[in-house]
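Heads up, protein.pdb below (PDB, C-alpha atoms):
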MODEL        1
ATOM      1  CA  MET A  88     -13.199 -14.574  13.107
ATOM      2  CA  LYS A  89     -14.138 -11.567  15.238
ATOM      3  CA  ASN A  90     -11.095  -9.586  16.211
ATOM      4  CA  SER A  91      -9.678 -10.451  19.625
ATOM      5  CA  ILE A  92      -7.476  -7.499  20.474
ATOM      6  CA  GLN A  93      -3.799  -8.364  20.645
ATOM      7  CA  SER A  94      -1.539  -6.731  23.216
ATOM      8  CA  GLN A  95       0.857  -5.416  20.560
ATOM      9  CA  ILE A  96       0.157  -5.399  16.835
ATOM     10  CA  ILE A  97       2.857  -4.944  14.224
ATOM     11  CA  THR A  98       1.427  -2.725  11.475
ATOM     12  CA  ALA A  99      -1.360  -0.205  10.959
ATOM     13  CA  ASN A 100      -2.006   0.788   7.347
ATOM     14  CA  LEU A 101      -2.833   4.480   7.469
ATOM     15  CA  HIS A 102      -4.834   5.431   4.363
ATOM     16  CA  PHE A 103      -4.576   9.033   5.521
ATOM     17  CA  TYR A 104      -4.745  10.666   2.088
ATOM     18  CA  PRO A 105      -7.415   9.331  -0.307
ATOM     19  CA  PHE A 106      -6.341  11.141  -3.468
ATOM     20  CA  CYS A 107      -3.926   9.920  -6.140
ATOM     21  CA  ASN A 108      -2.113  11.339  -9.147
ATOM     22  CA  MET A 109      -2.634   8.122 -11.130
ATOM     23  CA  HIS A 110      -5.744   6.462 -12.550
ATOM     24  CA  CYS A 111      -5.444   2.728 -11.825
ATOM     25  CA  LYS A 112      -8.671   1.056 -12.886
ATOM     26  CA  TYR A 113      -8.690  -1.484 -10.060
ATOM     27  CA  CYS A 114      -8.113   0.952  -7.197
ATOM     28  CA  PHE A 115     -10.595   0.241  -4.393
ATOM     29  CA  VAL A 116      -9.589   2.924  -1.865
ATOM     30  CA  PRO A 117     -12.774   4.705  -0.743
ATOM     31  CA  VAL A 118     -12.735   8.497  -0.903
ATOM     32  CA  THR A 119     -14.147   9.623   2.435
ATOM     33  CA  LYS A 120     -13.889  12.596   4.738
ATOM     34  CA  GLN A 121     -10.305  13.790   4.984
ATOM     35  CA  LEU A 122      -8.925  14.642   8.392
ATOM     36  CA  SER A 123      -6.544  17.549   8.865
ATOM     37  CA  PHE A 124      -2.830  17.363   9.597
ATOM     38  CA  SER A 125      -3.530  18.357  13.230
ATOM     39  CA  ASP A 126      -6.091  15.536  13.515
ATOM     40  CA  TRP A 127      -3.478  12.984  12.430
ATOM     41  CA  LEU A 128      -0.955  14.447  14.861
ATOM     42  CA  SER A 129      -3.455  13.751  17.659
ATOM     43  CA  ILE A 130      -4.203  10.215  16.397
ATOM     44  CA  LEU A 131      -0.593   8.994  16.085
ATOM     45  CA  PRO A 132       0.085   8.895  19.866
ATOM     46  CA  LYS A 133      -3.119   6.866  20.344
ATOM     47  CA  LEU A 134      -1.862   4.230  17.907
ATOM     48  CA  LYS A 135       1.342   3.806  19.910
ATOM     49  CA  SER A 136      -0.526   1.780  22.522
ATOM     50  CA  LYS A 137      -1.140  -1.036  20.019
ATOM     51  CA  PHE A 138       1.029  -0.713  16.929
ATOM     52  CA  GLN A 139       4.752  -0.924  16.278
ATOM     53  CA  ARG A 140       4.802   0.331  12.677
ATOM     54  CA  ILE A 141       2.822   2.877  10.676
ATOM     55  CA  ASN A 142       2.535   2.194   6.956
ATOM     56  CA  PHE A 143       1.537   5.436   5.219
ATOM     57  CA  VAL A 144      -0.590   4.639   2.192
ATOM     58  CA  GLY A 145      -3.243   6.295   0.063
ATOM     59  CA  GLY A 146      -4.404   7.091  -2.446
ATOM     60  CA  GLU A 147      -0.885   8.299  -3.084
ATOM     61  CA  PRO A 148       0.814   9.414   0.161
ATOM     62  CA  THR A 149       3.402  11.627  -1.545
ATOM     63  CA  GLU A 150       0.550  13.822  -2.830
ATOM     64  CA  ALA A 151      -0.167  14.918   0.750
ATOM     65  CA  PRO A 152       1.610  18.229   1.460
ATOM     66  CA  TYR A 153       2.273  17.185   5.071
ATOM     67  CA  LEU A 154       3.504  13.603   4.496
ATOM     68  CA  ILE A 155       7.092  14.275   5.538
ATOM     69  CA  GLN A 156       6.079  16.066   8.743
ATOM     70  CA  LEU A 157       3.694  13.221   9.603
ATOM     71  CA  VAL A 158       6.347  10.561   9.017
ATOM     72  CA  GLU A 159       8.849  12.542  11.089
ATOM     73  CA  LYS A 160       6.316  12.776  13.938
ATOM     74  CA  ALA A 161       5.702   9.019  13.793
ATOM     75  CA  LYS A 162       9.445   8.412  13.947
ATOM     76  CA  GLU A 163       9.742  10.792  16.900
ATOM     77  CA  LEU A 164       7.069   8.761  18.715
ATOM     78  CA  GLY A 165       9.119   5.590  18.231
ATOM     79  CA  PHE A 166       7.239   3.917  15.377
ATOM     80  CA  LYS A 167       8.857   1.994  12.578
ATOM     81  CA  THR A 168       7.769   3.833   9.444
ATOM     82  CA  SER A 169       7.037   2.856   5.861
ATOM     83  CA  ILE A 170       5.130   4.085   2.831
ATOM     84  CA  VAL A 171       3.602   2.492  -0.257
ATOM     85  CA  THR A 172       3.941   4.772  -3.271
ATOM     86  CA  ASN A 173       3.703   4.704  -7.042
ATOM     87  CA  GLY A 174       7.077   6.474  -7.011
ATOM     88  CA  TYR A 175       6.248   9.268  -9.460
ATOM     89  CA  ASN A 176       6.721  12.212  -7.090
ATOM     90  CA  MET A 177       9.956  10.740  -5.724
ATOM     91  CA  ILE A 178      11.268  10.312  -9.272
ATOM     92  CA  THR A 179      10.248  13.770 -10.516
ATOM     93  CA  GLY A 180      11.320  15.677  -7.404
ATOM     94  CA  LYS A 181       7.861  16.906  -6.439
ATOM     95  CA  ILE A 182       8.669  15.740  -2.915
ATOM     96  CA  ASP A 183      11.953  16.095  -0.998
ATOM     97  CA  THR A 184      12.961  12.449  -1.378
ATOM     98  CA  ASP A 185      16.148  12.707   0.683
ATOM     99  CA  ARG A 186      14.318  14.218   3.661
ATOM    100  CA  LEU A 187      11.523  11.657   3.375
ATOM    101  CA  LEU A 188      13.927   8.712   3.235
ATOM    102  CA  ALA A 189      15.720  10.012   6.343
ATOM    103  CA  SER A 190      12.640   9.146   8.424
ATOM    104  CA  LEU A 191      11.616   5.891   6.751
ATOM    105  CA  ASP A 192      12.523   2.285   7.473
ATOM    106  CA  CYS A 193      10.931   0.873   4.313
ATOM    107  CA  VAL A 194       9.556   2.032   0.967
ATOM    108  CA  GLY A 195       7.153  -0.119  -0.993
ATOM    109  CA  ILE A 196       6.841   0.788  -4.676
ATOM    110  CA  SER A 197       3.733  -0.284  -6.562
ATOM    111  CA  ILE A 198       4.933  -1.645  -9.909
ATOM    112  CA  ASP A 199       2.488  -3.711 -11.949
ATOM    113  CA  SER A 200       4.337  -3.581 -15.265
ATOM    114  CA  VAL A 201       7.417  -2.154 -16.979
ATOM    115  CA  ASN A 202       5.609  -2.070 -20.324
ATOM    116  CA  ASP A 203       4.326   1.384 -21.332
ATOM    117  CA  SER A 204       1.279   0.051 -23.156
ATOM    118  CA  THR A 205       0.253  -2.130 -20.219
ATOM    119  CA  ASN A 206       0.719   0.667 -17.685
ATOM    120  CA  TYR A 207      -1.405   2.945 -19.844
ATOM    121  CA  LYS A 208      -4.195   0.341 -19.954
ATOM    122  CA  ILE A 209      -3.994  -0.110 -16.188
ATOM    123  CA  GLY A 210      -4.092   3.658 -15.654
ATOM    124  CA  ARG A 211      -0.655   3.757 -14.055
ATOM    125  CA  TYR A 212       0.304   7.161 -15.414
ATOM    126  CA  VAL A 213       0.135  10.831 -14.449
ATOM    127  CA  THR A 214      -1.612  13.432 -16.599
ATOM    128  CA  LYS A 215       0.113  16.810 -16.594
ATOM    129  CA  ASN A 216      -0.698  19.727 -18.917
ATOM    130  CA  GLY A 217      -2.692  17.342 -21.075
ATOM    131  CA  LYS A 218       0.276  15.000 -21.476
ATOM    132  CA  ILE A 219       0.470  11.352 -20.390
ATOM    133  CA  ASN A 220       3.518  10.707 -18.185
ATOM    134  CA  LEU A 221       4.596   7.082 -17.682
ATOM    135  CA  ILE A 222       7.408   5.795 -15.459
ATOM    136  CA  THR A 223      10.066   3.942 -17.437
ATOM    137  CA  GLU A 224      11.827   0.780 -16.320
ATOM    138  CA  ASN A 225      15.103   2.680 -15.882
ATOM    139  CA  GLN A 226      13.391   5.329 -13.750
ATOM    140  CA  TYR A 227      12.007   2.610 -11.503
ATOM    141  CA  LEU A 228      15.460   1.048 -11.197
ATOM    142  CA  ASP A 229      17.106   4.403 -10.433
ATOM    143  CA  LEU A 230      14.587   5.019  -7.653
ATOM    144  CA  CYS A 231      15.149   1.523  -6.260
ATOM    145  CA  ASN A 232      18.895   2.137  -6.161
ATOM    146  CA  LYS A 233      18.431   5.511  -4.462
ATOM    147  CA  ILE A 234      16.263   3.957  -1.761
ATOM    148  CA  LYS A 235      18.737   1.144  -1.090
ATOM    149  CA  LYS A 236      21.727   3.513  -1.049
ATOM    150  CA  SER A 237      19.977   5.564   1.614
ATOM    151  CA  GLY A 238      19.883   2.482   3.850
ATOM    152  CA  VAL A 239      16.095   2.114   3.614
ATOM    153  CA  SER A 240      14.557  -1.303   2.959
ATOM    154  CA  LEU A 241      12.949  -1.700  -0.473
ATOM    155  CA  LYS A 242       9.775  -3.655  -1.219
ATOM    156  CA  ILE A 243       7.982  -4.071  -4.552
ATOM    157  CA  ASN A 244       4.199  -4.567  -4.679
ATOM    158  CA  THR A 245       2.559  -5.976  -7.820
ATOM    159  CA  VAL A 246      -1.139  -6.514  -8.549
ATOM    160  CA  ILE A 247      -1.842  -9.253 -11.100
ATOM    161  CA  SER A 248      -4.860  -8.766 -13.355
ATOM    162  CA  LYS A 249      -5.815  -9.836 -16.866
ATOM    163  CA  LEU A 250      -3.806  -6.870 -18.153
ATOM    164  CA  ASN A 251      -0.409  -8.077 -16.903
ATOM    165  CA  ILE A 252      -0.826 -11.796 -16.172
ATOM    166  CA  ASN A 253       1.261 -12.708 -19.226
ATOM    167  CA  GLU A 254       4.124 -10.359 -18.332
ATOM    168  CA  LYS A 255       7.020 -11.988 -16.512
ATOM    169  CA  LEU A 256       8.672  -9.507 -14.165
ATOM    170  CA  ASN A 257      11.212 -11.963 -12.727
ATOM    171  CA  CYS A 258      14.267 -10.372 -14.364
ATOM    172  CA  PHE A 259      13.123  -6.891 -13.390
ATOM    173  CA  TYR A 260      12.577  -7.949  -9.785
ATOM    174  CA  GLU A 261      16.107  -9.346  -9.653
ATOM    175  CA  ARG A 262      17.534  -6.076 -10.968
ATOM    176  CA  THR A 263      15.778  -4.070  -8.233
ATOM    177  CA  GLY A 264      17.513  -6.062  -5.486
ATOM    178  CA  ALA A 265      14.440  -5.563  -3.304
ATOM    179  CA  SER A 266      14.367  -7.119   0.142
ATOM    180  CA  ARG A 267      10.849  -8.385  -0.545
ATOM    181  CA  ILE A 268       8.456  -8.822  -3.459
ATOM    182  CA  LYS A 269       4.742  -8.943  -2.697
ATOM    183  CA  ILE A 270       2.379 -10.115  -5.435
ATOM    184  CA  PHE A 271      -1.391  -9.743  -5.077
ATOM    185  CA  GLN A 272      -4.325 -11.201  -6.957
ATOM    186  CA  CYS A 273      -6.430  -8.320  -8.336
ATOM    187  CA  TYR A 274      -9.078  -7.756  -5.689
ATOM    188  CA  LYS A 275     -12.606  -6.353  -5.778
ATOM    189  CA  PRO A 276     -14.101  -6.080  -2.273
ATOM    190  CA  ASN A 277     -17.589  -4.945  -3.297
ATOM    191  CA  ASN A 278     -19.566  -3.286  -6.062
ATOM    192  CA  ASP A 279     -19.690   0.186  -4.502
ATOM    193  CA  LEU A 280     -16.579   1.401  -6.319
ATOM    194  CA  LYS A 281     -15.816   4.198  -8.745
ATOM    195  CA  HIS A 282     -14.722   1.701 -11.433
ATOM    196  CA  ASN A 283     -16.315  -1.555 -12.532
ATOM    197  CA  TYR A 284     -13.314  -3.712 -13.316
ATOM    198  CA  ASP A 285     -14.866  -7.181 -13.390
ATOM    199  CA  ASP A 286     -13.271  -7.687 -16.810
ATOM    200  CA  LEU A 287      -9.802  -7.350 -15.221
ATOM    201  CA  LEU A 288     -10.264  -9.901 -12.430
ATOM    202  CA  ILE A 289      -8.486 -13.258 -12.514
ATOM    203  CA  THR A 290      -9.441 -16.521 -10.842
ATOM    204  CA  ALA A 291      -7.642 -18.256  -7.998
ATOM    205  CA  ASN A 292      -6.433 -20.843 -10.516
ATOM    206  CA  ASP A 293      -5.079 -18.100 -12.776
ATOM    207  CA  PHE A 294      -3.192 -16.644  -9.838
ATOM    208  CA  ALA A 295      -1.820 -20.044  -8.826
ATOM    209  CA  ALA A 296      -0.572 -20.577 -12.379
ATOM    210  CA  TYR A 297       1.147 -17.190 -12.316
ATOM    211  CA  LYS A 298       2.745 -18.061  -8.993
ATOM    212  CA  SER A 299       4.198 -21.262 -10.434
ATOM    213  CA  GLN A 300       6.114 -19.220 -13.016
ATOM    214  CA  SER A 301       7.919 -17.283 -10.287
ATOM    215  CA  ASP A 302       9.562 -20.165  -8.462
ATOM    216  CA  TYR A 303      13.052 -19.325  -9.639
ATOM    217  CA  ILE A 304      13.219 -15.755  -8.314
ATOM    218  CA  SER A 305      16.085 -15.574  -5.829
ATOM    219  CA  LEU A 306      14.508 -12.693  -3.863
ATOM    220  CA  PRO A 307      11.964 -13.302  -1.068
ATOM    221  CA  VAL A 308       8.496 -13.402  -2.682
ATOM    222  CA  VAL A 309       5.114 -13.429  -0.966
ATOM    223  CA  PHE A 310       1.876 -14.163  -2.837
ATOM    224  CA  GLU A 311      -1.524 -13.091  -1.525
ATOM    225  CA  ASP A 312      -4.727 -14.233  -3.156
ATOM    226  CA  ASN A 313      -8.114 -12.686  -2.422
ATOM    227  CA  GLU A 314      -8.839 -15.034   0.459
ATOM    228  CA  ALA A 315      -5.554 -14.175   2.190
ATOM    229  CA  MET A 316      -6.189 -10.438   1.851
ATOM    230  CA  THR A 317      -9.684 -10.467   3.343
ATOM    231  CA  SER A 318      -9.989  -9.403   6.996
ATOM    232  CA  SER A 319      -6.235  -9.515   7.527
ATOM    233  CA  TYR A 320      -5.087  -5.887   7.350
ATOM    234  CA  TYR A 321      -5.520  -3.244  10.028
ATOM    235  CA  MET A 322      -6.677  -0.330   7.880
ATOM    236  CA  ILE A 323      -7.496   3.225   8.919
ATOM    237  CA  GLY A 324      -9.260   5.436   6.390
ATOM    238  CA  SER A 325      -8.730   9.128   5.683
ATOM    239  CA  ASP A 326     -11.596   9.844   8.114
ATOM    240  CA  GLY A 327      -9.672   8.215  10.974
ATOM    241  CA  CYS A 328     -11.966   5.159  11.093
ATOM    242  CA  PHE A 329     -10.820   1.539  11.163
ATOM    243  CA  TRP A 330     -12.547  -0.482   8.438
ATOM    244  CA  ASP A 331     -12.449  -4.079   7.292
ATOM    245  CA  ASN A 332     -12.617  -5.400   3.746
ATOM    246  CA  LEU A 333     -15.110  -8.161   4.521
ATOM    247  CA  THR A 334     -18.150  -6.261   5.788
ATOM    248  CA  TRP A 335     -16.811  -2.832   4.757
ATOM    249  CA  LYS A 336     -18.161  -1.507   8.055
ATOM    250  CA  LYS A 337     -16.297   1.229   9.887
ATOM    251  CA  SER A 338     -15.555   2.144  13.464
ATOM    252  CA  LYS A 339     -16.088   5.623  14.786
ATOM    253  CA  SER A 340     -13.194   7.976  14.093
ATOM    254  CA  LEU A 341     -10.102   7.837  16.273
ATOM    255  CA  THR A 342     -10.681  11.550  16.871
ATOM    256  CA  GLU A 343     -13.645  10.437  19.029
ATOM    257  CA  ILE A 344     -12.770   7.025  20.515
ATOM    258  CA  THR A 345      -9.804   4.944  21.626
ATOM    259  CA  VAL A 346      -7.933   2.466  19.444
ATOM    260  CA  GLU A 347      -9.243  -0.396  21.596
ATOM    261  CA  GLU A 348     -12.852   0.715  21.087
ATOM    262  CA  ALA A 349     -12.289   1.098  17.340
ATOM    263  CA  LEU A 350     -10.782  -2.384  16.967
ATOM    264  CA  GLU A 351     -13.828  -3.921  18.653
ATOM    265  CA  SER A 352     -15.971  -2.492  15.835
ATOM    266  CA  ILE A 353     -14.433  -4.367  12.921
ATOM    267  CA  VAL A 354     -14.334  -7.969  11.727
ATOM    268  CA  PHE A 355     -10.786  -9.266  11.729
ATOM    269  CA  ASP A 356      -9.005 -12.595  11.360
ATOM    270  CA  VAL A 357      -6.123 -12.574  13.828
ATOM    271  CA  GLU A 358      -4.771 -15.927  12.637
ATOM    272  CA  LYS A 359      -4.438 -14.689   9.041
ATOM    273  CA  TYR A 360      -2.701 -11.567  10.273
ATOM    274  CA  ASN A 361      -0.275 -13.511  12.438
ATOM    275  CA  ARG A 362       0.610 -15.836   9.560
ATOM    276  CA  ARG A 363       1.737 -12.808   7.574
ATOM    277  CA  TYR A 364       4.397 -12.053  10.188
ATOM    278  CA  ALA A 365       5.276 -15.625  11.145
TER     279      ALA A 365
ENDMDL
END
Re-express the file's structure as structure tokens.
Amino acid sequence: MKNSIQSQIITANLHFYPFCNMHCKYCFVPVTKQLSFSDWLSILPKLKSKFQRINFVGGEPTEAPYLIQLVEKAKELGFKTSIVTNGYNMITGKIDTDRLLASLDCVGISIDSVNDSTNYKIGRYVTKNGKINLITENQYLDLCNKIKKSGVSLKINTVISKLNINEKLNCFYERTGASRIKIFQCYKPNNDLKHNYDDLLITANDFAAYKSQSDYISLPVVFEDNEAMTSSYYMIGSDGCFWDNLTWKKSKSLTEITVEEALESIVFDVEKYNRRYA
């Protein structure tokens, strides 16, 4: 369905920083031109005409040296604010976690496994001084507790692939006490990616079988297969362009045009989007 512009849209996913400190094999974030901090400061007020919440994503948003200032500006403009992070920089203190949390309404942590071997195979680790650094289950739990104690909502995002489809995370999810668990089928939008991870993809039936094992989780859980993810996220790349994950076409940059003009340039399924927030 071609996007029919809504009067007020809930969330824009701002992929403002395309770089990451981890090496996940099924990452599909395109590395494009990177706008400056001042460019993003000029774009945020434009987004206010259509969006209620800015979700700062990457790459890895906590790698951006100006993340906190950008989140604080969004908050000042009246946005609800959230980030999706692998958590490493918040755990290790590379970023001022307390200051960041003070301007956030929600933190989503990407956790695909709590098994060291599996995380290594996925690429969910940081290399520092030639050493592999993995996040332990207890470190994840400590970060979850810190986020909740700060009064910020906690969400866990998990991507299911052939590497972790046999790992049951139900008990771990319960221990996090997250307000929401979101579980995605491993997704490959096209073949123009830095990794070929066809061997990691699972079928819709595989994903449905995994979903059936999670029925007894007491926390709110949302499952999204590949069909549900396609054309249903408002995504802005690090070049300031809206793009869709069906045609992979982009609008002109928001440094040049209005939000309304940009939204007319992409293919979008409004009904899918609305179902997400129903």
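For the pair atom CA of Ile243 of chain A and atom CA of Leu134 of chain A, the separation is 25.9 Å.
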Identify, on the basis of all atoms listed in the file, every residue whose closest approach to Phe106 of chain A does not exceed 10 Å; exclude the query and any residue fewer than 3 positions from it along the same chain; express the result as an mmCIF file with C-alpha atoms, in the frame of the given file.
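Now in selection27.cif:
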data_model
loop_
_atom_site.group_PDB
_atom_site.id
_atom_site.type_symbol
_atom_site.label_atom_id
_atom_site.label_comp_id
_atom_site.auth_asym_id
_atom_site.auth_seq_id
_atom_site.Cartn_x
_atom_site.Cartn_y
_atom_site.Cartn_z
ATOM 1 C CA HIS A 102 -4.834 5.431 4.363
ATOM 2 C CA PHE A 103 -4.576 9.033 5.521
ATOM 3 C CA MET A 109 -2.634 8.122 -11.130
ATOM 4 C CA VAL A 116 -9.589 2.924 -1.865
ATOM 5 C CA PRO A 117 -12.774 4.705 -0.743
ATOM 6 C CA VAL A 118 -12.735 8.497 -0.903
ATOM 7 C CA THR A 119 -14.147 9.623 2.435
ATOM 8 C CA GLN A 121 -10.305 13.790 4.984
ATOM 9 C CA GLY A 145 -3.243 6.295 0.063
ATOM 10 C CA GLY A 146 -4.404 7.091 -2.446
ATOM 11 C CA GLU A 147 -0.885 8.299 -3.084
ATOM 12 C CA PRO A 148 0.814 9.414 0.161
ATOM 13 C CA THR A 149 3.402 11.627 -1.545
ATOM 14 C CA GLU A 150 0.550 13.822 -2.830
ATOM 15 C CA ALA A 151 -0.167 14.918 0.750
ATOM 16 C CA SER A 325 -8.730 9.128 5.683
#
Need to verify the contact set: Ile234 of chain A, 9 Å, all atoms listed in the file, exclusion of same-chain residues closer than 4 positions in sequence. Can you return it as a VMD selection string? chain A and resid 188 193 to 194 229 to 230 238 to 241
Deliver the residues from the most recent selection as a file, using C-alpha atoms, as a PDB file, in the coordinates of the input.
ATOM      1  CA  LEU A 188      13.927   8.712   3.235  1.00  0.00           C
ATOM      2  CA  CYS A 193      10.931   0.873   4.313  1.00  0.00           C
ATOM      3  CA  VAL A 194       9.556   2.032   0.967  1.00  0.00           C
ATOM      4  CA  ASP A 229      17.106   4.403 -10.433  1.00  0.00           C
ATOM      5  CA  LEU A 230      14.587   5.019  -7.653  1.00  0.00           C
ATOM      6  CA  GLY A 238      19.883   2.482   3.850  1.00  0.00           C
ATOM      7  CA  VAL A 239      16.095   2.114   3.614  1.00  0.00           C
ATOM      8  CA  SER A 240      14.557  -1.303   2.959  1.00  0.00           C
ATOM      9  CA  LEU A 241      12.949  -1.700  -0.473  1.00  0.00           C
TER      10      LEU A 241
END
Env of segment 249-251 of chain A: 8 Å cut, atoms = only C-alpha atoms, seq-sep filter 4 positions within chain, self excluded. Answer as a ChimeraX atom specification. /A:199-200,205,208-209,286-289
With all atoms listed in the file as the basis for distance, which of A:Asn176, A:Ser340, A:Ser319, A:Ser248 is at the shortest distance from Lys359 of chain A? A:Ser319
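The shortest atom-to-atom distance to Val357 of chain A, with all atoms listed in the file taken into account, belongs to A:Ile96 out of A:Phe138, A:Lys233, A:Ser204, A:Ile96.
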Please return, as a list in words, all polymer residues that have at least one atom within 8 Å of the point (8.0, -2.8, -11.6); use all atoms listed in the file and the file's own coordinate frame. Ile196, Ser197, Ile198, Asp199, Ser200, Val201, Glu224, Tyr227, Ile243, Thr245, Leu256, Phe259 and Tyr260 of chain A
Shell of 12 Å around Glu163 of chain A, all atoms listed in the file, local chain residues under 6 positions omitted, as a PyMOL selection string: chain A and resi 128+131-132+135+156-157+190-191
Can you give me, as a PyMOL selection string, the residues this file yields under the PyMOL selection byres ((chain A and resi 98) around 9)? chain A and resi 96-97+99-100+138-142+167+320-321
Compare A:Phe115, A:Tyr104, A:Ser338, A:Gln300 by their minimum atom-to-atom distance to Asn283 of chain A, counting only C-alpha atoms, and give me the closest one.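 For Asn283 of chain A, the nearest of the given residues is A:Phe115.
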I'd like the contact shell of Glu311 of chain A - 9 Å cut-off, all atoms listed in the file, skipping same-chain residues fewer than 3 positions apart - returned as number ranges by chain. A: 269-272, 314-316
Applied to the shown file, which residues does the PyMOL selection byres ((chain A and resi 337) around 9) return, written as a PyMOL selection string? chain A and resi 324+328-331+334-336+338-340+349+352-353
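You will find atom CA of Gly174 of chain A at 11.1 Å from atom CA of Thr223 of chain A.
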Counting only C-alpha atoms, the residue among A:Thr263, A:Asn253, A:Asn220, A:Ser299 that lies closest to Ile178 of chain A is A:Asn220
So what do you get for atom CA of Asn257 of chain A versus atom CA of Asn244 of chain A, distance-wise? 13.0 Å
Residue with smallest distance to Leu122 of chain A - pool A:Glu348, A:Phe310, A:Phe143, A:Pro105, counting only C-alpha atoms: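 Of A:Glu348, A:Phe310, A:Phe143, A:Pro105, the one nearest Leu122 of chain A is A:Pro105, counting only C-alpha atoms.
Residues matched by the PyMOL selection byres ((chain A and resi 342) around 10) in this file: Leu122, Asp126, Trp127, Ser129, Ile130, Lys133, Asp326, Gly327, Cys328, Lys339, Ser340, Leu341, Glu343, Ile344, Thr345 and Val346 of chain A.
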Can you complete the atoms of segment 290-308 of chain A to N, CA and C atoms and list them as an mmCIF file, in the frame of the given file?
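File part12.cif, as written:
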data_model
loop_
_atom_site.group_PDB
_atom_site.id
_atom_site.type_symbol
_atom_site.label_atom_id
_atom_site.label_comp_id
_atom_site.auth_asym_id
_atom_site.auth_seq_id
_atom_site.Cartn_x
_atom_site.Cartn_y
_atom_site.Cartn_z
ATOM 1 N N THR A 290 -8.984 -15.500 -11.792
ATOM 2 C CA THR A 290 -9.441 -16.521 -10.842
ATOM 3 C C THR A 290 -8.292 -16.956 -9.929
ATOM 4 N N ALA A 291 -8.652 -17.692 -8.898
ATOM 5 C CA ALA A 291 -7.642 -18.256 -7.998
ATOM 6 C C ALA A 291 -6.714 -19.200 -8.754
ATOM 7 N N ASN A 292 -7.264 -19.939 -9.705
ATOM 8 C CA ASN A 292 -6.433 -20.843 -10.516
ATOM 9 C C ASN A 292 -5.472 -20.065 -11.409
ATOM 10 N N ASP A 293 -5.952 -18.955 -11.971
ATOM 11 C CA ASP A 293 -5.079 -18.100 -12.776
ATOM 12 C C ASP A 293 -3.902 -17.601 -11.934
ATOM 13 N N PHE A 294 -4.222 -17.187 -10.723
ATOM 14 C CA PHE A 294 -3.192 -16.644 -9.838
ATOM 15 C C PHE A 294 -2.194 -17.725 -9.432
ATOM 16 N N ALA A 295 -2.699 -18.924 -9.178
ATOM 17 C CA ALA A 295 -1.820 -20.044 -8.826
ATOM 18 C C ALA A 295 -0.885 -20.384 -9.980
ATOM 19 N N ALA A 296 -1.406 -20.302 -11.204
ATOM 20 C CA ALA A 296 -0.572 -20.577 -12.379
ATOM 21 C C ALA A 296 0.507 -19.518 -12.524
ATOM 22 N N TYR A 297 0.156 -18.269 -12.268
ATOM 23 C CA TYR A 297 1.147 -17.190 -12.316
ATOM 24 C C TYR A 297 2.230 -17.409 -11.258
ATOM 25 N N LYS A 298 1.796 -17.805 -10.087
ATOM 26 C CA LYS A 298 2.745 -18.061 -8.993
ATOM 27 C C LYS A 298 3.748 -19.137 -9.371
ATOM 28 N N SER A 299 3.307 -20.152 -10.076
ATOM 29 C CA SER A 299 4.198 -21.262 -10.434
ATOM 30 C C SER A 299 5.303 -20.831 -11.385
ATOM 31 N N GLN A 300 5.096 -19.723 -12.097
ATOM 32 C CA GLN A 300 6.114 -19.220 -13.016
ATOM 33 C C GLN A 300 7.207 -18.434 -12.296
ATOM 34 N N SER A 301 7.010 -18.163 -11.025
ATOM 35 C CA SER A 301 7.919 -17.283 -10.287
ATOM 36 C C SER A 301 8.815 -18.034 -9.319
ATOM 37 N N ASP A 302 8.829 -19.349 -9.425
ATOM 38 C CA ASP A 302 9.562 -20.165 -8.462
ATOM 39 C C ASP A 302 11.063 -19.898 -8.447
ATOM 40 N N TYR A 303 11.600 -19.443 -9.574
ATOM 41 C CA TYR A 303 13.052 -19.325 -9.639
ATOM 42 C C TYR A 303 13.582 -17.939 -9.268
ATOM 43 N N ILE A 304 12.731 -17.048 -8.778
ATOM 44 C CA ILE A 304 13.219 -15.755 -8.314
ATOM 45 C C ILE A 304 14.036 -15.963 -7.045
ATOM 46 N N SER A 305 15.225 -15.376 -6.999
ATOM 47 C CA SER A 305 16.085 -15.574 -5.829
ATOM 48 C C SER A 305 15.683 -14.679 -4.654
ATOM 49 N N LEU A 306 14.924 -13.611 -4.918
ATOM 50 C CA LEU A 306 14.508 -12.693 -3.863
ATOM 51 C C LEU A 306 13.327 -13.276 -3.086
ATOM 52 N N PRO A 307 13.133 -12.843 -1.833
ATOM 53 C CA PRO A 307 11.964 -13.302 -1.068
ATOM 54 C C PRO A 307 10.671 -12.814 -1.725
ATOM 55 N N VAL A 308 9.754 -13.728 -2.018
ATOM 56 C CA VAL A 308 8.496 -13.402 -2.682
ATOM 57 C C VAL A 308 7.335 -13.908 -1.847
#
